[in-house]
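entry.txt (compact mmCIF, N, CA and C atoms) appears below.
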# COMPACT_ATOMS: atom_id res chain seq x y z
N MET A 16 88.79 104.52 -73.27
CA MET A 16 89.41 105.63 -73.98
C MET A 16 90.59 106.21 -73.19
N LEU A 17 90.46 106.24 -71.88
CA LEU A 17 91.55 106.77 -71.06
C LEU A 17 92.81 105.91 -71.18
N GLU A 18 92.62 104.60 -71.39
CA GLU A 18 93.77 103.71 -71.55
C GLU A 18 94.54 104.06 -72.82
N VAL A 19 93.81 104.41 -73.87
CA VAL A 19 94.45 104.79 -75.14
C VAL A 19 95.25 106.07 -74.96
N ILE A 20 94.67 107.05 -74.31
CA ILE A 20 95.35 108.32 -74.08
C ILE A 20 96.60 108.10 -73.23
N ALA A 21 96.49 107.26 -72.21
CA ALA A 21 97.65 106.97 -71.36
C ALA A 21 98.75 106.27 -72.16
N ALA A 22 98.37 105.35 -73.04
CA ALA A 22 99.36 104.65 -73.86
C ALA A 22 100.06 105.61 -74.82
N ILE A 23 99.31 106.54 -75.39
CA ILE A 23 99.89 107.53 -76.29
C ILE A 23 100.85 108.44 -75.53
N GLU A 24 100.47 108.85 -74.35
CA GLU A 24 101.35 109.68 -73.53
C GLU A 24 102.65 108.94 -73.19
N ARG A 25 102.55 107.65 -72.85
CA ARG A 25 103.76 106.86 -72.57
C ARG A 25 104.64 106.77 -73.81
N ALA A 26 104.02 106.58 -74.95
CA ALA A 26 104.80 106.49 -76.20
C ALA A 26 105.52 107.81 -76.47
N PHE A 27 104.84 108.93 -76.33
CA PHE A 27 105.47 110.23 -76.55
C PHE A 27 106.61 110.48 -75.56
N ASN A 28 106.41 110.06 -74.33
CA ASN A 28 107.46 110.23 -73.33
C ASN A 28 108.69 109.40 -73.69
N ARG A 29 108.49 108.19 -74.17
CA ARG A 29 109.63 107.35 -74.57
C ARG A 29 110.34 107.94 -75.79
N ILE A 30 109.58 108.47 -76.72
CA ILE A 30 110.18 109.10 -77.90
C ILE A 30 111.00 110.32 -77.46
N ALA A 31 110.47 111.10 -76.54
CA ALA A 31 111.18 112.29 -76.07
C ALA A 31 112.48 111.91 -75.38
N LEU A 32 112.48 110.81 -74.63
CA LEU A 32 113.70 110.37 -73.95
C LEU A 32 114.73 109.86 -74.95
N TYR A 33 114.27 109.26 -76.02
CA TYR A 33 115.17 108.73 -77.04
C TYR A 33 115.78 109.84 -77.87
N THR A 34 115.12 110.93 -78.01
CA THR A 34 115.52 112.11 -78.81
C THR A 34 115.99 111.74 -80.22
N PRO A 35 115.09 111.18 -81.02
CA PRO A 35 115.48 110.81 -82.38
C PRO A 35 115.71 112.04 -83.24
N ASP A 36 116.56 111.90 -84.25
CA ASP A 36 116.76 112.97 -85.22
C ASP A 36 115.60 113.03 -86.20
N VAL A 37 115.00 111.88 -86.45
CA VAL A 37 113.89 111.79 -87.39
C VAL A 37 112.84 110.87 -86.79
N LEU A 38 111.58 111.22 -86.97
CA LEU A 38 110.47 110.39 -86.53
C LEU A 38 109.55 110.19 -87.72
N VAL A 39 109.37 108.94 -88.12
CA VAL A 39 108.51 108.61 -89.25
C VAL A 39 107.19 108.09 -88.69
N VAL A 40 106.10 108.67 -89.15
CA VAL A 40 104.78 108.27 -88.68
C VAL A 40 103.99 107.75 -89.88
N ALA A 41 103.50 106.53 -89.76
CA ALA A 41 102.68 105.95 -90.82
C ALA A 41 101.27 106.54 -90.72
N LEU A 42 100.82 107.14 -91.81
CA LEU A 42 99.50 107.78 -91.81
C LEU A 42 98.42 106.92 -92.45
N GLY A 43 98.82 105.76 -92.94
CA GLY A 43 97.84 104.90 -93.57
C GLY A 43 97.53 105.31 -95.00
N LEU A 44 98.37 106.14 -95.58
CA LEU A 44 98.17 106.56 -96.96
C LEU A 44 98.66 105.46 -97.90
N ASP A 45 97.93 105.22 -98.95
CA ASP A 45 98.30 104.18 -99.90
C ASP A 45 98.86 104.83 -101.15
N ALA A 46 100.08 104.45 -101.49
CA ALA A 46 100.75 105.06 -102.64
C ALA A 46 100.65 104.18 -103.87
N ALA A 47 99.79 103.21 -103.87
CA ALA A 47 99.65 102.32 -105.02
C ALA A 47 99.15 103.08 -106.23
N ARG A 48 99.69 102.76 -107.38
CA ARG A 48 99.32 103.45 -108.60
C ARG A 48 97.84 103.29 -108.93
N SER A 49 97.25 102.13 -108.60
CA SER A 49 95.85 101.87 -108.96
C SER A 49 94.85 102.31 -107.89
N ASP A 50 95.32 102.90 -106.80
CA ASP A 50 94.43 103.36 -105.74
C ASP A 50 93.66 104.59 -106.22
N PRO A 51 92.33 104.52 -106.33
CA PRO A 51 91.56 105.64 -106.87
C PRO A 51 91.53 106.87 -105.97
N LEU A 52 91.85 106.72 -104.70
CA LEU A 52 91.80 107.85 -103.78
C LEU A 52 93.16 108.50 -103.54
N GLN A 53 94.19 107.97 -104.13
CA GLN A 53 95.53 108.50 -103.89
C GLN A 53 95.81 109.69 -104.80
N GLY A 54 96.74 110.50 -104.38
CA GLY A 54 97.11 111.66 -105.18
C GLY A 54 98.60 111.80 -105.35
N MET A 55 99.34 110.75 -104.98
CA MET A 55 100.79 110.85 -105.10
C MET A 55 101.31 109.73 -105.99
N ARG A 56 102.51 109.91 -106.49
CA ARG A 56 103.15 108.92 -107.33
C ARG A 56 104.51 108.58 -106.75
N ILE A 57 104.82 107.31 -106.69
CA ILE A 57 106.12 106.86 -106.22
C ILE A 57 106.80 106.13 -107.38
N TYR A 58 108.00 106.57 -107.68
CA TYR A 58 108.77 105.99 -108.77
C TYR A 58 110.07 105.42 -108.23
N PRO A 59 110.53 104.31 -108.81
CA PRO A 59 111.81 103.73 -108.35
C PRO A 59 112.99 104.62 -108.68
If you took the structure in this file and wrote it as structure tokens, what would it be?
Amino acid sequence: MLEVIAAIERAFNRIALYTPDVLVVALGLDAARSDPLQGMRIYP
């Protein structure tokens, strides 16, 4: 578990050095229309 925390800290440090204007984080949410657990709609 400590290895995971250390890896996350390294990732955050690299992001901070890069200073992005936008950071997109994938949350694992499924936007498929037929997904019974979803609550959002995506239209072209």
Distance in Å - atom N of Tyr33 of chain A versus atom CA of Leu17 of chain A: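 Computing it gives 23.4 Å between the two atoms.
For the atom pair formed by atom CA of Met16 of chain A and atom N of Leu32 of chain A, the distance is 23.7 Å, given to one decimal.
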Atom CA of Asp36 of chain A to atom CA of Val19 of chain A, straight-line distance in Å: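 Spanning atom CA of Val19 of chain A to atom CA of Asp36 of chain A is a straight-line distance of 25.8 Å.
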Incomplete segment 26-37 of chain A brought to all heavy atoms, written out as a CSV table (one decimal), keeping the file's coordinate frame:
chain,number,residue,atom,x,y,z
A,26,ALA,N,104.0,106.6,-75.0
A,26,ALA,CA,104.8,106.5,-76.2
A,26,ALA,C,105.5,107.8,-76.5
A,26,ALA,O,106.7,107.8,-76.8
A,26,ALA,CB,103.9,106.1,-77.4
A,27,PHE,N,104.8,108.9,-76.3
A,27,PHE,CA,105.5,110.2,-76.6
A,27,PHE,C,106.6,110.5,-75.6
A,27,PHE,O,107.6,111.0,-75.9
A,27,PHE,CB,104.5,111.4,-76.5
A,27,PHE,CG,103.6,111.5,-77.7
A,27,PHE,CD1,102.3,112.0,-77.6
A,27,PHE,CD2,104.0,111.1,-78.9
A,27,PHE,CE1,101.5,112.1,-78.7
A,27,PHE,CE2,103.2,111.2,-80.1
A,27,PHE,CZ,101.9,111.7,-79.9
A,28,ASN,N,106.4,110.1,-74.3
A,28,ASN,CA,107.5,110.2,-73.3
A,28,ASN,C,108.7,109.4,-73.7
A,28,ASN,O,109.8,109.9,-73.6
A,28,ASN,CB,107.0,109.8,-71.9
A,28,ASN,CG,106.0,110.9,-71.4
A,28,ASN,OD1,106.0,112.0,-71.8
A,28,ASN,ND2,105.1,110.4,-70.5
A,29,ARG,N,108.5,108.2,-74.2
A,29,ARG,CA,109.6,107.4,-74.6
A,29,ARG,C,110.3,107.9,-75.8
A,29,ARG,O,111.6,107.9,-75.9
A,29,ARG,CB,109.2,105.9,-74.9
A,29,ARG,CG,108.8,105.2,-73.6
A,29,ARG,CD,108.4,103.8,-73.9
A,29,ARG,NE,108.0,103.1,-72.7
A,29,ARG,CZ,107.7,101.8,-72.7
A,29,ARG,NH1,107.7,101.1,-73.8
A,29,ARG,NH2,107.4,101.3,-71.5
A,30,ILE,N,109.6,108.5,-76.7
A,30,ILE,CA,110.2,109.1,-77.9
A,30,ILE,C,111.0,110.3,-77.5
A,30,ILE,O,112.1,110.5,-77.9
A,30,ILE,CB,109.1,109.5,-78.9
A,30,ILE,CG1,108.5,108.2,-79.5
A,30,ILE,CG2,109.7,110.4,-80.0
A,30,ILE,CD1,107.2,108.5,-80.3
A,31,ALA,N,110.5,111.1,-76.5
A,31,ALA,CA,111.2,112.3,-76.1
A,31,ALA,C,112.5,111.9,-75.4
A,31,ALA,O,113.5,112.6,-75.5
A,31,ALA,CB,110.3,113.1,-75.1
A,32,LEU,N,112.5,110.8,-74.6
A,32,LEU,CA,113.7,110.4,-74.0
A,32,LEU,C,114.7,109.9,-75.0
A,32,LEU,O,115.9,110.0,-74.8
A,32,LEU,CB,113.4,109.3,-73.0
A,32,LEU,CG,112.6,109.7,-71.7
A,32,LEU,CD1,112.2,108.5,-70.9
A,32,LEU,CD2,113.4,110.7,-70.9
A,33,TYR,N,114.3,109.3,-76.0
A,33,TYR,CA,115.2,108.7,-77.0
A,33,TYR,C,115.8,109.8,-77.9
A,33,TYR,O,116.9,109.7,-78.4
A,33,TYR,CB,114.4,107.8,-77.9
A,33,TYR,CG,115.2,107.2,-79.1
A,33,TYR,CD1,116.2,106.3,-78.8
A,33,TYR,CD2,114.9,107.5,-80.4
A,33,TYR,CE1,117.0,105.8,-79.9
A,33,TYR,CE2,115.6,107.0,-81.4
A,33,TYR,CZ,116.6,106.1,-81.2
A,33,TYR,OH,117.4,105.6,-82.2
A,34,THR,N,115.1,110.9,-78.0
A,34,THR,CA,115.5,112.1,-78.8
A,34,THR,C,116.0,111.7,-80.2
A,34,THR,O,117.1,112.0,-80.6
A,34,THR,CB,116.6,112.9,-78.1
A,34,THR,OG1,117.8,112.1,-77.9
A,34,THR,CG2,116.1,113.5,-76.8
A,35,PRO,N,115.1,111.2,-81.0
A,35,PRO,CA,115.5,110.8,-82.4
A,35,PRO,C,115.7,112.0,-83.2
A,35,PRO,O,115.1,113.1,-83.0
A,35,PRO,CB,114.3,110.0,-82.9
A,35,PRO,CG,113.1,110.6,-82.1
A,35,PRO,CD,113.7,110.9,-80.8
A,36,ASP,N,116.6,111.9,-84.2
A,36,ASP,CA,116.8,113.0,-85.2
A,36,ASP,C,115.6,113.0,-86.2
A,36,ASP,O,115.3,114.1,-86.7
A,36,ASP,CB,118.1,112.8,-86.0
A,36,ASP,CG,119.3,112.9,-85.1
A,36,ASP,OD1,119.2,113.7,-84.2
A,36,ASP,OD2,120.3,112.3,-85.4
A,37,VAL,N,115.0,111.9,-86.4
A,37,VAL,CA,113.9,111.8,-87.4
A,37,VAL,C,112.8,110.9,-86.8
A,37,VAL,O,113.2,109.9,-86.2
A,37,VAL,CB,114.4,111.2,-88.7
A,37,VAL,CG1,113.2,111.0,-89.7
A,37,VAL,CG2,115.4,112.1,-89.4
